[in-house]
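Asker: Questions regarding the structure given below will be posed in turn.
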Amino acid sequence: MPDLSPVWLSVALAAITTMLLLVIGTPLAWWLSQTRSRLRPVIEAVTALPLVLPPTVLGFYLLILLSPTSAFGGFWIDLTGDTLTFSFTGLVLASIIYSLPFMVQPLVSAFEANGRNVMEAAASLRASPLDAFFRVAVPLSARGFVTAMVLTFTHTLGEFGVVLMVGGNIPGETRVVSIAIYEHVETLQYADAHMLSAGLLTFALLVLVAVYALNRRSAVRVG
Amino acid sequence: MSAEVLRLKIDLKLGDFALSVDEAVSAAGVTAVFGPSGSGKSSLLRAIAGFETPQAGCVSLGSETWFDGERRIAKPPHARPVGFLFQDARLFSHLDVAGNLAFAECRSRSASDSFEAEELIDILDLAALLNRRVEHLSGGERQRVALARTLLTRPKLLLLDEPLSALDQARKSEILPYLDRAQARFDIPTLYVSHDLDEVAHIADRVLVLAGGQVAMQGGTFEVFERLDLILPDGFDDRGVLVEGRVIDHDARLHVTHVDIGGDVLTMPRAEHLQVGAKVRLRIRARDVAVATRRPDAISIRNVLAGKLIDLKPTDRLAEVDVRIRLRGSEVKATLTQAAVQELALAPGMDVWALVKSVRLAVT
C-alpha cells in the first residue's frame, strides 16, 4: 500500500483552488460576457494563456515571481514569515493561475448563452443588477458552474509541471499525487505508481461521465 | 382624476438608425404605437424603459423624471415604475410559473395593496398553470404569464412591445380578451406597440404613428384611422376606415351577425361571442368596397349601402383612385380603377351604392 498522504494533499489543493477560483473567476467571467470594451480580447487572451503555454514556462515565471528575492515573494515573507516557493501556499497561488481558464471559460459561455434578454426582463421586474445576477444569471448558469468547478478541480488534481517547478517534492507540503507517481516510477516502485495512477484515472473518468450525464439530462429538460 | 402626461423628448442614435421624438402623450388608457417595421417603435419603448440611453432629451411621467440629458439624470431600468412585456415573453426557465410571478411580486415596492396576486391569477386564468414549468407552456400561455408577471410589479406605465406578434391568429384572439380584461380592471396607462392595424383598431384609445424614426401623427384612434391613408404608402392594402357599430342580432340559420353602423345595417359572418347590444369596431378596407351608380338587383354581396360620393383622390398608383362615400352615420372608402371612375362618370355629390365585400371585426 503506497503512502496516501499525497492523495489528501492533492484533494486539499484542488478543493481550495476551486473555491478561490470560484470567487475570482465568476466576476471576471461576468465582466468578459457583458463588456463591450476593446480590452476584452486582451484580457481573454491573458486568461487563456495557461492553456497553451508549456507548464514549465508558466512554472518558471511563477518561480521567479514567488521567489523570496522578488518584490512579491519578499513582501509575502515580510507579511507572513513564510516563503511562497516550495510551500503549499505557493502551490495554491500557482494553481489559481494555471487553472484560471478552466473556471472562466465555461462560465463565460454559460453567461453568454443566457444573453442580455433575461437580464433586461429581470430589470423590468425591479431587480437591481446584483439581485438579477444572483437570482437569475447564476441559477440559469447552474450547469456552467458545475462544469467549471469540476474541470478546475480535476485539472488542478492532475497538474504536474507547474507544481514541480514551483513546489518541488516536499512530503506533506508540496508532494501531490502526480509528483508521487513520478517519484515512484523514478525509483522503480511500479506497484505504488500503478495504484495511484489507476486511482487518478478512475476518478477522472467517473467525474467526467457524471458531468456529461448531467449536461445531457439538463439539456433535454431545457429543450 | 386627470391623466398624467408622459413627456417624450428623445434623440436616440443606434447605428444608422435615428429616433427623434418630441411628443407629450396623455398617460391614460391605451395608446398604440403604430408604424412599419424599422420605424423605431421598439426603440422608443426601450428608451422609455431605460434599456437604451438617448443622446439627448427628457423622459418623464407626471412629475417623475426618468431621463434628462441636460440634468444628467438617467434612472436605471429597475428603478423606473414601468412594466415591460416583451415580444418573446422572456420567462425565467429556472423557475416554474408560480416562481416567475413571485419574482415580480416580492420586488414590487409601490402601493402593492392596489390589488392582490390572487385576483390577477383569477382574471388571467392562471390557476391551472401555476405549477407548470415554463418550457411546457404554449406561446399564448407564456404571454399570459408574462403579462401577469409584469402587472404584478404594479407599474405606473405599461409598455407592450408587439406582445402578440409571435403568435398565430388563433392564439391572438385567445389573448386579446385577457388584455381587455386586465385593462378594464387595472386601468394602467399603456403604450402598445404593433404593426397590425387590426390589433390597433381593437385595443387603442389613441394612436401614435411612427415613420422613419419620427412621429407622423398622434390622435384618437378613429381620427388617426381617418387620416391614416395620408401617410401609409398607397400600396399598403390595409387602407380603409374604422367604424363603430352596435350588434343588433345573430342569425343562427344563416350564420350571420347584423351590426348597426350609424343607421346602416351591415351583415357579417356570425360572431357569436359578441353580445347583442355590444359596441364593436369594424374595419372596412378600401379594397373590399366597390361602387355602383344604380342599385344592383342580383348580386352575391350582402352589404349594399346607399350613400353620397364626397370626393375622389388619385393615388400614387396611376391606375387607381380612392373615393370617399358618406353613408347615413358613417363613411367608407373605396379604391377603384381609373377606368371604372371614367366609365361610371363618378363625381363628388353623386348618389351611389357602396358594395362592401367583407367586413373585418377589429377583434379578429
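Letters for chains follow the order of the C-alpha cells (A, B, ...), residue numbers begin at 1 for each chain, and ligand numbers begin at 1 in the order shown.
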Stretch 78-171 of chain B: which residues are alpha helix (DSSP H) by DSSP, as number ranges by chain?
Answerer: B: 97-105, 117-123, 139-151, 169-171
Asker: Do you have the atom CA of A:Phe88-atom CA of A:Glu173 distance handy?
Answerer: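 Computing the Euclidean distance for atom CA of A:Phe88 and atom CA of A:Glu173 yields 5.4 Å.
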Asker: Give the residues of chain A that lie within 9 Å of chain B; count only C-alpha atoms, and format the answer as a PyMOL selection string.
Answerer: chain A and resi 117-118+120-129+135-136+139-140+221-223
Asker: Suppose we keep C-alpha atoms; can you now write the selection as a short mmCIF file (atom, residue, chain, number, x, y, z; two decimals), in the first residue's frame?
Answerer:
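To be explicit, this is the file written out as out_17.cif:
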```cif
data_model
loop_
_atom_site.label_atom_id
_atom_site.label_comp_id
_atom_site.auth_asym_id
_atom_site.auth_seq_id
_atom_site.Cartn_x
_atom_site.Cartn_y
_atom_site.Cartn_z
CA ASN A 117 -32.60 39.40 -22.69
CA VAL A 118 -33.24 37.69 -19.39
CA GLU A 120 -33.48 43.03 -19.19
CA ALA A 121 -36.52 41.04 -18.12
CA ALA A 122 -35.19 40.91 -14.57
CA ALA A 123 -34.53 44.66 -14.57
CA SER A 124 -38.06 45.31 -15.85
CA LEU A 125 -39.28 43.35 -12.80
CA ARG A 126 -37.44 45.76 -10.48
CA ALA A 127 -34.40 43.56 -9.85
CA SER A 128 -31.19 45.56 -9.36
CA PRO A 129 -28.18 44.32 -11.35
CA ARG A 135 -31.36 35.30 -8.72
CA VAL A 136 -31.41 34.96 -12.50
CA PRO A 139 -29.31 29.83 -11.40
CA LEU A 140 -29.68 29.88 -15.19
CA ARG A 221 -35.18 19.34 -19.81
CA VAL A 222 -34.35 22.77 -21.16
CA GLY A 223 -35.13 21.90 -24.78
#
```
Asker: I'd like the neighbourhood of stretch 272-278 of chain B as a PyMOL selection string, where a residue qualifies if any of its atoms comes within 8 Å (using only C-alpha atoms), though same-chain residues fewer than 2 positions away should be ignored.
Answerer: chain B and resi 246-250+257+270+280
Asker: Let's have the selection written as an mmCIF file, in the first residue's frame, with all heavy atoms.
Answerer:
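Now in selection16.cif:
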```
data_model
loop_
_atom_site.group_PDB
_atom_site.id
_atom_site.type_symbol
_atom_site.label_atom_id
_atom_site.label_comp_id
_atom_site.auth_asym_id
_atom_site.auth_seq_id
_atom_site.Cartn_x
_atom_site.Cartn_y
_atom_site.Cartn_z
ATOM 1 N N ARG B 246 -72.961 48.673 -33.379
ATOM 2 C CA ARG B 246 -73.593 48.005 -32.250
ATOM 3 C C ARG B 246 -74.226 46.725 -32.783
ATOM 4 O O ARG B 246 -74.870 46.732 -33.836
ATOM 5 C CB ARG B 246 -74.649 48.938 -31.658
ATOM 6 C CG ARG B 246 -75.107 48.584 -30.275
ATOM 7 C CD ARG B 246 -75.998 49.679 -29.715
ATOM 8 N NE ARG B 246 -75.241 50.861 -29.313
ATOM 9 C CZ ARG B 246 -74.606 50.985 -28.159
ATOM 10 N NH1 ARG B 246 -74.609 49.989 -27.289
ATOM 11 N NH2 ARG B 246 -73.956 52.087 -27.852
ATOM 12 N N VAL B 247 -74.031 45.625 -32.072
ATOM 13 C CA VAL B 247 -74.564 44.346 -32.525
ATOM 14 C C VAL B 247 -76.090 44.351 -32.396
ATOM 15 O O VAL B 247 -76.620 44.639 -31.318
ATOM 16 C CB VAL B 247 -73.976 43.188 -31.699
ATOM 17 C CG1 VAL B 247 -74.599 41.857 -32.116
ATOM 18 C CG2 VAL B 247 -72.465 43.146 -31.856
ATOM 19 N N ILE B 248 -76.783 44.055 -33.513
ATOM 20 C CA ILE B 248 -78.249 44.025 -33.473
ATOM 21 C C ILE B 248 -78.746 42.629 -33.120
ATOM 22 O O ILE B 248 -79.488 42.430 -32.175
ATOM 23 C CB ILE B 248 -78.858 44.435 -34.836
ATOM 24 C CG1 ILE B 248 -78.317 45.794 -35.272
ATOM 25 C CG2 ILE B 248 -80.388 44.463 -34.742
ATOM 26 C CD1 ILE B 248 -78.724 46.154 -36.682
ATOM 27 N N ASP B 249 -78.337 41.647 -33.902
ATOM 28 C CA ASP B 249 -78.737 40.275 -33.592
ATOM 29 C C ASP B 249 -77.836 39.281 -34.314
ATOM 30 O O ASP B 249 -77.022 39.649 -35.178
ATOM 31 C CB ASP B 249 -80.211 40.033 -33.966
ATOM 32 C CG ASP B 249 -80.473 40.284 -35.456
ATOM 33 O OD1 ASP B 249 -79.518 40.174 -36.249
ATOM 34 O OD2 ASP B 249 -81.629 40.599 -35.800
ATOM 35 N N HIS B 250 -77.976 38.013 -33.924
ATOM 36 C CA HIS B 250 -77.281 36.929 -34.610
ATOM 37 C C HIS B 250 -78.333 36.093 -35.318
ATOM 38 O O HIS B 250 -79.397 35.827 -34.759
ATOM 39 C CB HIS B 250 -76.544 36.023 -33.610
ATOM 40 C CG HIS B 250 -75.538 36.749 -32.782
ATOM 41 N ND1 HIS B 250 -74.371 37.244 -33.295
ATOM 42 C CD2 HIS B 250 -75.523 37.066 -31.456
ATOM 43 C CE1 HIS B 250 -73.670 37.827 -32.327
ATOM 44 N NE2 HIS B 250 -74.362 37.742 -31.199
ATOM 45 N N THR B 257 -74.184 37.822 -38.452
ATOM 46 C CA THR B 257 -74.444 38.760 -37.380
ATOM 47 C C THR B 257 -74.733 40.108 -38.024
ATOM 48 O O THR B 257 -74.084 40.476 -39.009
ATOM 49 C CB THR B 257 -73.207 38.871 -36.462
ATOM 50 O OG1 THR B 257 -73.042 37.631 -35.788
ATOM 51 C CG2 THR B 257 -73.372 39.990 -35.442
ATOM 52 N N ARG B 270 -71.087 35.275 -38.708
ATOM 53 C CA ARG B 270 -71.567 35.263 -37.338
ATOM 54 C C ARG B 270 -70.403 35.322 -36.340
ATOM 55 O O ARG B 270 -69.435 34.573 -36.441
ATOM 56 C CB ARG B 270 -72.386 33.999 -37.070
ATOM 57 C CG ARG B 270 -73.042 34.025 -35.693
ATOM 58 C CD ARG B 270 -74.266 33.173 -35.661
ATOM 59 N NE ARG B 270 -73.909 31.760 -35.780
ATOM 60 C CZ ARG B 270 -74.468 30.799 -35.052
ATOM 61 N NH1 ARG B 270 -75.408 31.098 -34.179
ATOM 62 N NH2 ARG B 270 -74.101 29.563 -35.222
ATOM 63 N N VAL B 280 -68.949 47.421 -31.113
ATOM 64 C CA VAL B 280 -67.834 46.769 -31.798
ATOM 65 C C VAL B 280 -67.174 47.764 -32.738
ATOM 66 O O VAL B 280 -67.777 48.750 -33.162
ATOM 67 C CB VAL B 280 -68.287 45.542 -32.631
ATOM 68 C CG1 VAL B 280 -68.688 44.408 -31.727
ATOM 69 C CG2 VAL B 280 -69.409 45.921 -33.573
#
```
Asker: Atom CA of B:Val209 and atom CA of B:Gly40, how far apart in Å?
Answerer: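 Separation between atom CA of B:Gly40 and atom CA of B:Val209: 10.3 Å.
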Asker: Compile the contact shell of A:Phe60 as a ChimeraX atom specification: residues with an atom at most 8 Å away, counting only C-alpha atoms, same-chain residues fewer than 4 positions apart removed.
Answerer: /A:56,64,162,165-166
Asker: Counting only C-alpha atoms, which residue out of A:Ser141, A:Thr26, A:Thr18, A:Thr147 sits closest to A:Leu214?
Answerer: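 Closest to A:Leu214, using only C-alpha atoms: A:Thr147.
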Asker: What separation in Å, quoted to one decimal, exists between atom CA of A:Asp82 and atom CA of A:Pro68?
Answerer: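 A separation of 9.2 Å between them.
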Asker: Counting only C-alpha atoms, which residues in stretch 2-37 of chain A sit no more than 12 Å from stretch 179-198 of chain A? For each one, give the nearest pair of atoms and the distance in Å, sorted by chain then residue number, as a Markdown table.
Answerer:
```
| residue | atom | partner | partner_atom | distance |
| --- | --- | --- | --- | --- |
| A:Pro2 | CA | A:Asp192 | CA | 5.2 |
| A:Asp3 | CA | A:Asp192 | CA | 8.5 |
| A:Leu4 | CA | A:Leu196 | CA | 8.6 |
| A:Ser5 | CA | A:Ala180 | CA | 9.7 |
| A:Pro6 | CA | A:Ala180 | CA | 6.7 |
| A:Val7 | CA | A:Leu196 | CA | 8.2 |
| A:Trp8 | CA | A:Leu196 | CA | 11.9 |
| A:Leu9 | CA | A:Ala180 | CA | 10.9 |
| A:Ser10 | CA | A:Ile179 | CA | 9.9 |
```
Asker: Using only N, CA, C and O atoms, please write the residues we just selected to a file, as a compact mmCIF listing (two decimals), in the first residue's frame.
Answerer:
```txt
# COMPACT_ATOMS: atom_id res chain seq x y z
N PRO A 2 0.73 2.11 -1.01
CA PRO A 2 1.55 3.34 -1.03
C PRO A 2 1.09 4.32 0.04
O PRO A 2 -0.01 4.20 0.56
N ASP A 3 1.97 5.25 0.30
CA ASP A 3 1.63 6.33 1.24
C ASP A 3 0.52 7.19 0.61
O ASP A 3 0.66 7.67 -0.50
N LEU A 4 -0.59 7.35 1.33
CA LEU A 4 -1.75 8.06 0.74
C LEU A 4 -1.74 9.56 1.02
O LEU A 4 -2.60 10.28 0.54
N SER A 5 -0.77 10.05 1.77
CA SER A 5 -0.80 11.49 2.10
C SER A 5 -0.75 12.38 0.85
O SER A 5 -1.38 13.44 0.84
N PRO A 6 -0.05 12.00 -0.24
CA PRO A 6 -0.10 12.84 -1.45
C PRO A 6 -1.51 12.98 -2.00
O PRO A 6 -1.87 14.02 -2.56
N VAL A 7 -2.33 11.92 -1.84
CA VAL A 7 -3.71 11.99 -2.34
C VAL A 7 -4.46 13.09 -1.60
O VAL A 7 -5.11 13.95 -2.20
N TRP A 8 -4.39 13.08 -0.29
CA TRP A 8 -5.12 14.07 0.50
C TRP A 8 -4.60 15.48 0.23
O TRP A 8 -5.37 16.43 0.18
N LEU A 9 -3.29 15.58 0.05
CA LEU A 9 -2.71 16.89 -0.25
C LEU A 9 -3.26 17.41 -1.59
O LEU A 9 -3.63 18.58 -1.72
N SER A 10 -3.33 16.51 -2.59
CA SER A 10 -3.86 16.91 -3.90
C SER A 10 -5.31 17.35 -3.79
O SER A 10 -5.73 18.35 -4.38
```
Asker: May I ask which of the residues B:Leu45, B:Gly212, B:Ile121, B:Gly219 is the closest one to B:Tyr178, counting only C-alpha atoms?
Answerer: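 Between B:Leu45, B:Gly212, B:Ile121, B:Gly219, the residue approaching B:Tyr178 most closely is B:Ile121.
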Asker: Smallest atom-to-atom distance to A:Leu28: which of A:Leu65, A:Val11, A:Val108, A:Leu206, using only C-alpha atoms?
Answerer: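 Using only C-alpha atoms, A:Leu28 sits closest to A:Val108.
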Asker: I'd like the contact shell of B:Glu119 - 12 Å cut-off, only C-alpha atoms, skipping same-chain residues fewer than 2 positions apart - returned as a PyMOL selection string.
Answerer: chain B and resi 113-117+121-127+148+151-152+181-182+185-186
Asker: Residues within 10 Å of B:Ser63, please, as a ChimeraX atom specification. Count only C-alpha atoms; anything in the same chain fewer than 4 positions from it doesn't count.
Answerer: /B:4-7
Asker: Looking at only C-alpha atoms, which of B:Lys13, B:Arg239, B:Lys75, B:Lys172 is the one that sits closest to B:Arg283?
Answerer: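 Of B:Lys13, B:Arg239, B:Lys75, B:Lys172, the one nearest B:Arg283, counting only C-alpha atoms, is B:Arg239.
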Asker: Using only C-alpha atoms, which protein or nucleic acid residues come within 9 Å of B:Glu226? Drop anything in the same chain fewer than 5 positions from it, and give the result as a ChimeraX atom specification.
Answerer: /B:221,240-242
Asker: Pull all heavy atoms from the residues just selected and write them as a PDB file, in the first residue's frame.
Answerer:
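Below you can see again.pdb, which holds the result:
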```
ATOM      1  N   THR B 221     -58.065  57.198 -31.961  1.00  0.00           N
ATOM      2  CA  THR B 221     -57.963  56.078 -32.897  1.00  0.00           C
ATOM      3  C   THR B 221     -58.775  56.313 -34.172  1.00  0.00           C
ATOM      4  O   THR B 221     -58.279  56.126 -35.280  1.00  0.00           O
ATOM      5  CB  THR B 221     -58.436  54.792 -32.214  1.00  0.00           C
ATOM      6  OG1 THR B 221     -57.668  54.616 -31.034  1.00  0.00           O
ATOM      7  CG2 THR B 221     -58.231  53.594 -33.124  1.00  0.00           C
ATOM      8  N   GLY B 240     -58.258  51.997 -45.315  1.00  0.00           N
ATOM      9  CA  GLY B 240     -59.694  51.826 -45.191  1.00  0.00           C
ATOM     10  C   GLY B 240     -60.223  52.691 -44.071  1.00  0.00           C
ATOM     11  O   GLY B 240     -59.616  53.700 -43.730  1.00  0.00           O
ATOM     12  N   VAL B 241     -61.377  52.315 -43.547  1.00  0.00           N
ATOM     13  CA  VAL B 241     -61.938  53.091 -42.442  1.00  0.00           C
ATOM     14  C   VAL B 241     -62.195  52.183 -41.248  1.00  0.00           C
ATOM     15  O   VAL B 241     -62.282  50.962 -41.379  1.00  0.00           O
ATOM     16  CB  VAL B 241     -63.274  53.777 -42.829  1.00  0.00           C
ATOM     17  CG1 VAL B 241     -63.054  54.839 -43.880  1.00  0.00           C
ATOM     18  CG2 VAL B 241     -64.286  52.748 -43.286  1.00  0.00           C
ATOM     19  N   LEU B 242     -62.274  52.835 -40.110  1.00  0.00           N
ATOM     20  CA  LEU B 242     -62.647  52.139 -38.888  1.00  0.00           C
ATOM     21  C   LEU B 242     -63.987  52.723 -38.464  1.00  0.00           C
ATOM     22  O   LEU B 242     -64.120  53.940 -38.346  1.00  0.00           O
ATOM     23  CB  LEU B 242     -61.592  52.401 -37.813  1.00  0.00           C
ATOM     24  CG  LEU B 242     -61.819  51.768 -36.447  1.00  0.00           C
ATOM     25  CD1 LEU B 242     -61.723  50.251 -36.555  1.00  0.00           C
ATOM     26  CD2 LEU B 242     -60.781  52.288 -35.457  1.00  0.00           C
TER      27      LEU B 242
END
```
